[in-house]
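Shown here: coords11.pdb, PDB, C-alpha atoms.
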```pdb
ATOM      1  CA  MET A 418     -73.003   9.243 -10.154
ATOM      2  CA  TRP A 419     -69.503   7.906  -9.535
ATOM      3  CA  GLY A 420     -70.394   4.651 -11.272
ATOM      4  CA  LYS A 421     -71.490   6.420 -14.454
ATOM      5  CA  ILE A 422     -68.374   8.573 -14.540
ATOM      6  CA  TRP A 423     -66.270   5.467 -13.858
ATOM      7  CA  VAL A 424     -67.649   3.529 -16.829
ATOM      8  CA  HIS A 425     -67.353   6.403 -19.302
ATOM      9  CA  ASP A 426     -63.870   7.315 -18.070
ATOM     10  CA  ALA A 427     -62.586   3.737 -18.403
ATOM     11  CA  HIS A 428     -64.115   3.350 -21.850
ATOM     12  CA  ASN A 429     -62.925   6.615 -23.368
ATOM     13  CA  SER A 430     -59.446   6.882 -21.849
ATOM     14  CA  THR A 431     -58.530   3.373 -23.004
ATOM     15  CA  ALA A 432     -60.177   3.972 -26.399
ATOM     16  CA  ILE A 433     -57.937   7.008 -26.931
ATOM     17  CA  GLU A 434     -54.990   4.592 -26.709
ATOM     18  CA  GLY A 435     -56.531   2.173 -29.228
ATOM     19  CA  ASN A 436     -58.701  -0.150 -27.104
ATOM     20  CA  THR A 437     -61.643  -1.374 -29.215
ATOM     21  CA  LEU A 438     -64.219  -2.354 -26.562
ATOM     22  CA  VAL A 439     -67.497  -0.500 -27.105
ATOM     23  CA  LEU A 440     -69.348   1.124 -24.228
ATOM     24  CA  ARG A 441     -71.798  -1.722 -23.606
ATOM     25  CA  GLU A 442     -68.893  -4.187 -23.414
ATOM     26  CA  VAL A 443     -67.139  -1.980 -20.882
ATOM     27  CA  GLU A 444     -70.360  -1.665 -18.856
ATOM     28  CA  ALA A 445     -70.784  -5.453 -18.785
ATOM     29  CA  LEU A 446     -67.141  -6.059 -17.879
ATOM     30  CA  LEU A 447     -67.162  -3.618 -14.975
ATOM     31  CA  ALA A 448     -70.606  -4.615 -13.714
ATOM     32  CA  THR A 449     -70.233  -8.402 -13.856
ATOM     33  CA  GLY A 450     -66.588  -9.159 -14.588
ATOM     34  CA  ARG A 451     -67.726 -11.021 -17.693
ATOM     35  CA  ALA A 452     -66.294 -10.337 -21.128
ATOM     36  CA  LEU A 453     -68.736  -9.741 -23.962
ATOM     37  CA  GLY A 454     -67.500 -10.209 -27.505
ATOM     38  CA  ASN A 455     -64.490 -12.063 -28.797
ATOM     39  CA  LEU A 456     -61.581  -9.669 -28.439
ATOM     40  CA  GLU A 457     -58.063 -10.347 -27.221
ATOM     41  CA  LEU A 458     -57.713 -10.831 -23.469
ATOM     42  CA  ARG A 459     -55.312  -7.898 -23.436
ATOM     43  CA  GLU A 460     -58.113  -5.470 -24.331
ATOM     44  CA  TYR A 461     -60.349  -6.559 -21.450
ATOM     45  CA  LEU A 462     -57.448  -6.379 -19.020
ATOM     46  CA  GLU A 463     -56.567  -2.867 -20.207
ATOM     47  CA  VAL A 464     -60.058  -1.668 -19.316
ATOM     48  CA  ALA A 465     -60.126  -3.576 -16.014
ATOM     49  CA  GLY A 466     -56.733  -2.189 -14.993
ATOM     50  CA  TYR A 467     -57.718   1.372 -15.807
ATOM     51  CA  ALA A 468     -60.993   0.938 -13.928
ATOM     52  CA  ASN A 469     -59.163  -0.329 -10.835
ATOM     53  CA  ALA A 470     -56.875   2.685 -10.912
ATOM     54  CA  ALA A 471     -59.793   5.077 -11.465
ATOM     55  CA  ARG A 472     -61.672   3.587  -8.500
ATOM     56  CA  TRP A 473     -58.711   4.393  -6.255
ATOM     57  CA  VAL A 474     -58.393   7.890  -7.748
ATOM     58  CA  TYR A 475     -62.066   8.650  -7.101
ATOM     59  CA  SER A 476     -61.699   7.432  -3.507
ATOM     60  CA  GLN A 477     -59.317  10.339  -2.967
ATOM     61  CA  ALA A 478     -62.042  12.927  -3.550
ATOM     62  CA  LEU A 479     -62.182  15.882  -1.202
ATOM     63  CA  GLY A 480     -64.263  14.922   1.795
ATOM     64  CA  TYR A 481     -64.223  11.260   0.838
ATOM     65  CA  GLY A 482     -61.295  10.183   3.004
ATOM     66  CA  HIS A 483     -58.203  10.717   0.861
ATOM     67  CA  GLU A 484     -54.730   9.686   1.965
ATOM     68  CA  SER A 485     -52.580  12.586   0.767
ATOM     69  CA  ASP A 486     -52.130  14.619   3.978
ATOM     70  CA  GLY A 487     -53.086  17.721   2.027
ATOM     71  CA  ARG A 488     -50.698  17.143  -0.874
ATOM     72  CA  LEU A 489     -52.090  17.052  -4.416
ATOM     73  CA  ILE A 490     -49.899  14.127  -5.468
ATOM     74  CA  THR A 491     -46.797  12.241  -4.385
ATOM     75  CA  MET A 492     -44.223  10.212  -6.283
ATOM     76  CA  THR A 493     -45.499   7.054  -4.622
ATOM     77  CA  GLU A 494     -48.989   7.788  -5.920
ATOM     78  CA  VAL A 495     -47.736   8.353  -9.465
ATOM     79  CA  ARG A 496     -46.141   4.911  -9.343
ATOM     80  CA  ARG A 497     -49.222   3.401  -7.709
ATOM     81  CA  ILE A 498     -51.559   4.648 -10.433
ATOM     82  CA  HIS A 499     -49.279   3.294 -13.155
ATOM     83  CA  SER A 500     -49.020  -0.061 -11.393
ATOM     84  CA  LEU A 501     -52.812  -0.346 -11.076
ATOM     85  CA  VAL A 502     -53.306   0.602 -14.726
ATOM     86  CA  LEU A 503     -50.852  -1.930 -16.141
ATOM     87  CA  SER A 504     -50.301  -4.791 -13.691
ATOM     88  CA  GLY A 505     -53.100  -7.020 -14.976
ATOM     89  CA  VAL A 506     -52.394  -6.646 -18.678
ATOM     90  CA  TRP A 507     -48.611  -6.799 -18.126
ATOM     91  CA  ASP A 508     -48.865 -10.435 -17.062
ATOM     92  CA  VAL A 509     -50.279 -11.463 -20.448
ATOM     93  CA  ALA A 510     -48.965  -8.756 -22.784
ATOM     94  CA  PRO A 511     -45.896  -6.969 -21.387
ATOM     95  CA  HIS A 512     -44.086  -4.337 -23.414
ATOM     96  CA  PRO A 513     -41.827  -6.293 -25.804
ATOM     97  CA  ASN A 514     -38.746  -4.244 -24.915
ATOM     98  CA  ALA A 515     -39.262  -4.105 -21.143
ATOM     99  CA  THR A 516     -36.689  -5.354 -18.669
ATOM    100  CA  ASP A 517     -37.517  -6.688 -15.206
ATOM    101  CA  ALA A 518     -36.655  -3.240 -13.856
ATOM    102  CA  GLU A 519     -39.377  -1.631 -15.982
ATOM    103  CA  ARG A 520     -42.398  -3.451 -14.627
ATOM    104  CA  PRO A 521     -45.586  -1.470 -13.807
ATOM    105  CA  GLY A 522     -44.834   1.264 -11.300
ATOM    106  CA  SER A 523     -41.166   1.522 -12.331
ATOM    107  CA  PHE A 524     -39.638   4.253 -14.483
ATOM    108  CA  ARG A 525     -38.376   3.450 -17.956
ATOM    109  CA  GLN A 526     -34.773   2.551 -18.701
ATOM    110  CA  HIS A 527     -35.086   2.998 -22.445
ATOM    111  CA  GLU A 528     -34.724   6.055 -24.631
ATOM    112  CA  ILE A 529     -37.901   7.342 -26.269
ATOM    113  CA  ALA A 530     -37.762   8.815 -29.765
ATOM    114  CA  GLN A 531     -39.125  12.299 -30.408
ATOM    115  CA  PHE A 532     -42.896  12.198 -30.928
ATOM    116  CA  PRO A 533     -44.340  13.075 -34.367
ATOM    117  CA  GLY A 534     -45.766  16.323 -32.980
ATOM    118  CA  GLY A 535     -42.341  17.451 -31.762
ATOM    119  CA  MET A 536     -42.418  16.532 -28.049
ATOM    120  CA  ARG A 537     -38.946  15.362 -27.029
ATOM    121  CA  PRO A 538     -38.774  13.160 -23.906
ATOM    122  CA  PRO A 539     -35.647  13.411 -21.751
ATOM    123  CA  SER A 540     -33.109  10.595 -21.560
ATOM    124  CA  TRP A 541     -34.174   7.830 -19.211
ATOM    125  CA  VAL A 542     -31.351   8.659 -16.819
ATOM    126  CA  GLU A 543     -32.940  12.089 -16.284
ATOM    127  CA  VAL A 544     -36.436  10.743 -15.537
ATOM    128  CA  PRO A 545     -36.158  10.330 -11.722
ATOM    129  CA  ALA A 546     -34.908  13.888 -11.254
ATOM    130  CA  ALA A 547     -37.426  15.268 -13.737
ATOM    131  CA  MET A 548     -40.284  13.527 -11.957
ATOM    132  CA  SER A 549     -39.119  14.732  -8.542
ATOM    133  CA  GLU A 550     -39.207  18.284  -9.877
ATOM    134  CA  TRP A 551     -42.592  17.640 -11.506
ATOM    135  CA  VAL A 552     -44.135  16.428  -8.241
ATOM    136  CA  ALA A 553     -42.737  19.428  -6.383
ATOM    137  CA  THR A 554     -44.033  21.987  -8.895
ATOM    138  CA  SER A 555     -47.454  20.332  -9.184
ATOM    139  CA  ALA A 556     -48.205  21.561  -5.667
ATOM    140  CA  ARG A 557     -48.561  25.056  -7.151
ATOM    141  CA  ILE A 558     -51.682  24.100  -9.090
ATOM    142  CA  ALA A 559     -53.956  24.607  -6.077
ATOM    143  CA  LYS A 560     -52.739  28.213  -5.668
ATOM    144  CA  ALA A 561     -52.692  29.130  -9.365
ATOM    145  CA  ASP A 562     -54.797  32.031 -10.622
ATOM    146  CA  ASN A 563     -55.983  29.801 -13.470
ATOM    147  CA  VAL A 564     -56.262  26.247 -12.158
ATOM    148  CA  MET A 565     -57.109  24.674 -15.513
ATOM    149  CA  GLU A 566     -54.177  26.330 -17.242
ATOM    150  CA  ALA A 567     -51.795  25.221 -14.483
ATOM    151  CA  LEU A 568     -53.203  21.701 -14.742
ATOM    152  CA  ALA A 569     -52.735  21.731 -18.517
ATOM    153  CA  VAL A 570     -49.093  22.780 -18.128
ATOM    154  CA  ALA A 571     -48.496  20.004 -15.591
ATOM    155  CA  HIS A 572     -50.177  17.381 -17.767
ATOM    156  CA  ALA A 573     -48.183  18.367 -20.845
ATOM    157  CA  GLU A 574     -44.941  18.243 -18.845
ATOM    158  CA  PHE A 575     -45.779  14.796 -17.472
ATOM    159  CA  GLU A 576     -46.443  13.475 -20.973
ATOM    160  CA  ARG A 577     -43.228  15.068 -22.239
ATOM    161  CA  ILE A 578     -41.184  13.394 -19.483
ATOM    162  CA  HIS A 579     -42.876  10.120 -20.442
ATOM    163  CA  PRO A 580     -41.626   8.468 -17.258
ATOM    164  CA  PHE A 581     -42.836   4.950 -18.043
ATOM    165  CA  LEU A 582     -42.199   2.617 -20.942
ATOM    166  CA  ASP A 583     -45.941   2.220 -21.567
ATOM    167  CA  GLY A 584     -49.233   3.557 -20.185
ATOM    168  CA  ASN A 585     -48.191   7.205 -19.867
ATOM    169  CA  GLY A 586     -51.362   8.590 -21.464
ATOM    170  CA  ARG A 587     -53.747   6.647 -19.242
ATOM    171  CA  THR A 588     -51.657   7.323 -16.152
ATOM    172  CA  GLY A 589     -51.384  11.019 -16.996
ATOM    173  CA  ARG A 590     -55.133  11.463 -17.406
ATOM    174  CA  LEU A 591     -55.774   9.663 -14.117
ATOM    175  CA  ILE A 592     -53.264  11.948 -12.415
ATOM    176  CA  VAL A 593     -55.215  14.926 -13.765
ATOM    177  CA  ASN A 594     -58.354  13.474 -12.188
ATOM    178  CA  LEU A 595     -56.577  12.749  -8.904
ATOM    179  CA  ILE A 596     -55.545  16.387  -8.648
ATOM    180  CA  LEU A 597     -59.056  17.545  -9.608
ATOM    181  CA  VAL A 598     -60.934  15.441  -7.063
ATOM    182  CA  ARG A 599     -58.520  16.420  -4.300
ATOM    183  CA  MET A 600     -59.335  20.046  -5.072
ATOM    184  CA  GLY A 601     -63.081  19.409  -4.994
ATOM    185  CA  TYR A 602     -63.700  19.237  -8.740
ATOM    186  CA  PRO A 603     -65.397  16.311 -10.490
ATOM    187  CA  PRO A 604     -63.254  14.010 -12.648
ATOM    188  CA  LEU A 605     -63.030  14.971 -16.295
ATOM    189  CA  ILE A 606     -63.432  12.669 -19.284
ATOM    190  CA  ILE A 607     -61.662  13.203 -22.604
ATOM    191  CA  TYR A 608     -63.938  11.387 -25.047
ATOM    192  CA  LYS A 609     -62.521   9.258 -27.820
ATOM    193  CA  ARG A 610     -64.136  11.540 -30.414
ATOM    194  CA  GLN A 611     -61.935  14.335 -28.975
ATOM    195  CA  ARG A 612     -58.702  12.399 -29.453
ATOM    196  CA  SER A 613     -57.316  14.546 -32.292
ATOM    197  CA  LYS A 614     -58.283  17.792 -30.552
ATOM    198  CA  TYR A 615     -56.699  16.557 -27.325
ATOM    199  CA  LEU A 616     -53.416  15.577 -28.998
ATOM    200  CA  VAL A 617     -53.163  18.902 -30.832
ATOM    201  CA  ALA A 618     -53.855  20.783 -27.594
ATOM    202  CA  LEU A 619     -51.247  18.667 -25.797
ATOM    203  CA  ARG A 620     -48.648  19.515 -28.446
ATOM    204  CA  LEU A 621     -49.470  23.225 -28.208
ATOM    205  CA  ALA A 622     -49.124  23.093 -24.422
ATOM    206  CA  ASP A 623     -45.721  21.459 -24.805
ATOM    207  CA  GLU A 624     -44.753  24.384 -27.042
ATOM    208  CA  GLY A 625     -45.725  26.875 -24.345
ATOM    209  CA  ALA A 626     -49.336  27.597 -25.351
ATOM    210  CA  PRO A 627     -51.537  25.733 -22.838
ATOM    211  CA  GLY A 628     -54.746  27.658 -23.567
ATOM    212  CA  ALA A 629     -56.366  25.060 -25.819
ATOM    213  CA  LEU A 630     -55.680  22.205 -23.391
ATOM    214  CA  ALA A 631     -56.863  24.311 -20.447
ATOM    215  CA  GLU A 632     -60.108  25.044 -22.292
ATOM    216  CA  LEU A 633     -60.548  21.359 -23.115
ATOM    217  CA  PHE A 634     -60.086  20.494 -19.432
ATOM    218  CA  ALA A 635     -62.473  23.241 -18.271
ATOM    219  CA  ARG A 636     -65.180  22.155 -20.706
ATOM    220  CA  ALA A 637     -64.707  18.524 -19.689
ATOM    221  CA  VAL A 638     -65.153  19.377 -15.998
ATOM    222  CA  THR A 639     -68.288  21.383 -16.843
ATOM    223  CA  ASP A 640     -69.561  18.470 -18.917
ATOM    224  CA  SER A 641     -69.141  16.154 -15.928
ATOM    225  CA  VAL A 642     -71.246  18.540 -13.858
ATOM    226  CA  TYR A 643     -74.036  18.731 -16.449
ATOM    227  CA  ARG A 644     -73.955  15.113 -17.576
ATOM    228  CA  PHE A 645     -73.462  13.241 -14.302
ATOM    229  CA  ILE A 646     -73.708  15.382 -11.176
ATOM    230  CA  ILE A 647     -76.772  17.583 -11.766
ATOM    231  CA  PRO A 648     -78.996  14.770 -13.119
ATOM    232  CA  THR A 649     -78.070  12.566 -10.158
ATOM    233  CA  ASN A 650     -78.683  15.172  -7.464
ATOM    234  CA  ALA A 651     -81.483  17.296  -8.909
ATOM    235  CA  GLY A 652     -85.089  16.280  -8.249
ATOM    236  CA  MET A 653     -87.565  15.601 -11.017
ATOM    237  CA  ASP A 654     -88.961  19.152 -10.801
ATOM    238  CA  ALA A 655     -85.664  20.993 -10.410
ATOM    239  CA  LEU A 656     -84.888  23.435 -13.204
ATOM    240  CA  VAL A 657     -81.505  22.543 -14.688
ATOM    241  CA  PRO A 658     -79.556  23.558 -17.813
ATOM    242  CA  LEU A 659     -80.577  21.687 -20.954
ATOM    243  CA  ALA A 660     -77.134  20.063 -21.069
ATOM    244  CA  ALA A 661     -78.007  18.245 -17.832
ATOM    245  CA  LEU A 662     -81.066  16.699 -19.507
ATOM    246  CA  ALA A 663     -79.404  15.715 -22.778
ATOM    247  CA  SER A 664     -79.012  12.034 -23.640
ATOM    248  CA  SER A 665     -78.614   9.740 -26.623
ATOM    249  CA  GLU A 666     -82.361  10.138 -27.193
ATOM    250  CA  VAL A 667     -82.615  13.932 -27.005
ATOM    251  CA  SER A 668     -79.959  16.546 -27.737
ATOM    252  CA  VAL A 669     -79.677  20.119 -26.501
ATOM    253  CA  GLU A 670     -80.504  21.397 -29.982
ATOM    254  CA  SER A 671     -83.649  19.267 -30.276
ATOM    255  CA  MET A 672     -84.811  20.542 -26.865
ATOM    256  CA  LYS A 673     -84.232  24.140 -27.975
ATOM    257  CA  ALA A 674     -86.283  23.443 -31.087
ATOM    258  CA  ALA A 675     -89.077  21.954 -28.958
ATOM    259  CA  ILE A 676     -89.005  25.020 -26.706
ATOM    260  CA  ALA A 677     -89.249  27.309 -29.733
ATOM    261  CA  ARG A 678     -92.309  25.365 -30.944
ATOM    262  CA  GLY A 679     -93.902  25.587 -27.518
ATOM    263  CA  ARG A 680     -93.746  21.830 -27.047
ATOM    264  CA  LEU A 681     -91.275  21.699 -24.143
ATOM    265  CA  LYS A 682     -91.824  23.796 -21.032
ATOM    266  CA  ALA A 683     -88.748  25.786 -20.042
ATOM    267  CA  GLN A 684     -87.614  29.021 -18.452
ATOM    268  CA  LYS A 685     -84.886  31.353 -19.618
ATOM    269  CA  GLY A 686     -82.644  32.597 -16.836
ATOM    270  CA  SER A 687     -81.051  36.017 -16.413
ATOM    271  CA  ASP A 688     -77.947  34.534 -18.058
ATOM    272  CA  GLY A 689     -79.927  33.928 -21.240
ATOM    273  CA  LYS A 690     -79.793  30.145 -20.926
ATOM    274  CA  TRP A 691     -82.812  27.866 -21.059
ATOM    275  CA  ARG A 692     -83.605  25.557 -18.142
ATOM    276  CA  SER A 693     -86.121  22.768 -17.942
ATOM    277  CA  SER A 694     -86.868  19.826 -15.652
ATOM    278  CA  ARG A 695     -86.997  16.057 -15.921
ATOM    279  CA  THR A 696     -90.760  16.219 -15.301
ATOM    280  CA  TRP A 697     -91.296  18.669 -18.147
ATOM    281  CA  LEU A 698     -89.071  16.622 -20.439
ATOM    282  CA  ASN A 699     -91.071  13.472 -19.622
ATOM    283  CA  GLU A 700     -94.289  15.358 -20.394
ATOM    284  CA  TYR A 701     -92.812  16.408 -23.726
ATOM    285  CA  HIS A 702     -91.881  12.811 -24.561
ATOM    286  CA  ALA A 703     -95.375  11.646 -23.605
ATOM    287  CA  SER A 704     -96.999  14.284 -25.790
ATOM    288  CA  LYS A 705     -94.774  13.247 -28.702
ATOM    289  CA  HIS A 706     -95.957   9.671 -28.279
ATOM    290  CA  GLU A 707     -99.591  10.783 -28.195
ATOM    291  CA  ARG A 708     -99.174  12.819 -31.370
ATOM    292  CA  ASN A 709     -97.651   9.833 -33.130
ATOM    293  CA  GLU A 710    -100.534   7.474 -32.272
ATOM    294  CA  PRO A 711    -103.186   6.885 -35.005
ATOM    295  CA  MET A 712    -106.322   8.970 -34.491
ATOM    296  CA  ALA A 713    -109.290   7.040 -33.110
ATOM    297  CA  GLY A 714    -111.527   5.742 -35.839
ATOM    298  CA  PHE A 715    -109.022   6.510 -38.577
ATOM    299  CA  ASP A 716    -108.438   3.685 -41.031
ATOM    300  CA  GLU A 717    -104.761   3.759 -42.047
ATOM    301  CA  SER A 718    -105.360   1.260 -44.824
TER     302      SER A 718
END
```

Structure translated into structure tokens:
Amino acid sequence: MWGKIWVHDAHNSTAIEGNTLVLREVEALLATGRALGNLELREYLEVAGYANAARWVYSQALGYGHESDGRLITMTEVRRIHSLVLSGVWDVAPHPNATDAERPGSFRQHEIAQFPGGMRPPSWVEVPAAMSEWVATSARIAKADNVMEALAVAHAEFERIHPFLDGNGRTGRLIVNLILVRMGYPPLIIYKRQRSKYLVALRLADEGAPGALAELFARAVTDSVYRFIIPTNAGMDALVPLAALASSEVSVESMKAAIARGRLKAQKGSDGKWRSSRTWLNEYHASKHERNEPMAGFDES
């Protein structure tokens, strides 16, 4: 379960920032350490660095032996995540404007121009104080009435502060996952196809309207449950939501259509949602194959 989340997280979070490795190349890199394709070394190191940081983040999961002494995040951990994300790639492709004091894990000492969407980072001299305040206020997330909204506000504020010269997006999303796993939630994945929606939601949160980003986070956590956790832990005969059975070969909509035709066994719960099992889905696939075979004795010529 963790391995699947790890691969998809590393692929999509780096792709949001422009990395061009496809999923199978990321899978091969993380499984064997070998690079498929003929891309720049920088791109492979970006994925490897993110994956190293994500592995540490996941190790902090509730009940998995985390090191935080009950705190959601510390300043040292913010720096640690950034260092893990960028250290490998920095050796071959450092930021062109970086000084020795701005290496991975160190705050920026450059001014950042206002972003196209309107976010205005503080001056670099204000970053240490701003981050100290950010770490202190992030502790409130665990006690918030709406955890996802509080997390969205914190994420937008981190990205606005933009504490590092490079790697703020990847570091920020890993921080979100660190906070989630320490609270007992699964990690979330923002998929590359959601990039525009994510950036718009981030801008709205910066303007004081975190609802869209909170919804994106909540749906992403739910997606992790359906896509990774339930299929891993549920037995073949367990009835699970259709979303937990969906794959590249069969979508939720195609399963609903098969249910409507009486081809796929399923049960509708009191919540109005259909549930099926891996066994029933396999039977449906087998029956599809049988229906597609030529009839005995029939000459197709």

Q) Which is closest to Gln531 in chain A among A:Val570, A:Ser549, A:Asp688, A:His579, if we use all atoms listed in the file? A)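 Of A:Val570, A:Ser549, A:Asp688, A:His579, the one nearest Gln531 in chain A, counting all atoms listed in the file, is A:His579.
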
Q | Nearest-residue call for Asp426 in chain A, choices A:Ile490, A:Leu605, A:Leu456, A:Met565, using only C-alpha atoms | A |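 The closest residue to Asp426 in chain A is A:Leu605.
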
Box along x, y and z, 5 Å on every side, all listed atoms of range 686-692 of chain A inside: centre and edge lengths in Å to one decimal, as AutoDock Vina command-line options.
```
--center_x -80.8 --center_y 30.8 --center_z -18.8 --size_x 15.7 --size_y 20.5 --size_z 14.8
```

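CA of Glu566 in chain A is found 7.6 Å from CA of Leu630 in chain A.
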
Q: Give me the residues within 9 Å of Asp640 in chain A as an MDAnalysis selection string, counting all atoms listed in the file and dropping any in the same chain fewer than 2 places off.
A: chainID A and resid 605:606 635:638 642:645 660:661

Residues as selected, C-alpha atoms, written as an mmCIF file, keeping the file's coordinate frame, can you do that?
```cif
data_model
loop_
_atom_site.group_PDB
_atom_site.id
_atom_site.type_symbol
_atom_site.label_atom_id
_atom_site.label_comp_id
_atom_site.auth_asym_id
_atom_site.auth_seq_id
_atom_site.Cartn_x
_atom_site.Cartn_y
_atom_site.Cartn_z
ATOM 1 C CA LEU A 605 -63.030 14.971 -16.295
ATOM 2 C CA ILE A 606 -63.432 12.669 -19.284
ATOM 3 C CA ALA A 635 -62.473 23.241 -18.271
ATOM 4 C CA ARG A 636 -65.180 22.155 -20.706
ATOM 5 C CA ALA A 637 -64.707 18.524 -19.689
ATOM 6 C CA VAL A 638 -65.153 19.377 -15.998
ATOM 7 C CA VAL A 642 -71.246 18.540 -13.858
ATOM 8 C CA TYR A 643 -74.036 18.731 -16.449
ATOM 9 C CA ARG A 644 -73.955 15.113 -17.576
ATOM 10 C CA PHE A 645 -73.462 13.241 -14.302
ATOM 11 C CA ALA A 660 -77.134 20.063 -21.069
ATOM 12 C CA ALA A 661 -78.007 18.245 -17.832
#
```

Q: Return as a VMD selection string the set of residues that the PyMOL selection byres ((chain A and resi 682) around 8) yields on the displayed structure.
A: chain A and resid 676 679 to 681 683 to 684 693 697 to 698 701

Q) Which is closest to Ser504 in chain A among A:Ile578, A:Val474, A:Ala468, A:Leu462, if we use all atoms listed in the file? A)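 Once distances to Ser504 in chain A are computed over all atoms listed in the file, the minimum belongs to A:Leu462.
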
Q: For CA of Met653 in chain A and CA of Ser704 in chain A, quote the distance in Å rounded to one decimal.
A: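 Interatomic distance here is 17.6 Å.
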
Q) Interatomic distance between CA of Ala559 in chain A and CA of Leu489 in chain A? A)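 For CA of Ala559 in chain A relative to CA of Leu489 in chain A, the distance reads 8.0 Å.
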
Q: I need the residue set behind the PyMOL selection byres ((chain A and resi 538) around 12) for this file; please write it as a PyMOL selection string.
A: chain A and resi 525+527-537+539-544+547+573-582+585+623

Q.
Counting all atoms listed in the file, which residue out of A:Leu633, A:Ala432, A:Leu458, A:Ala478 sits closest to Trp419 in chain A?
A.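 Residue with the minimum atom-to-atom distance to Trp419 in chain A: A:Ala478.
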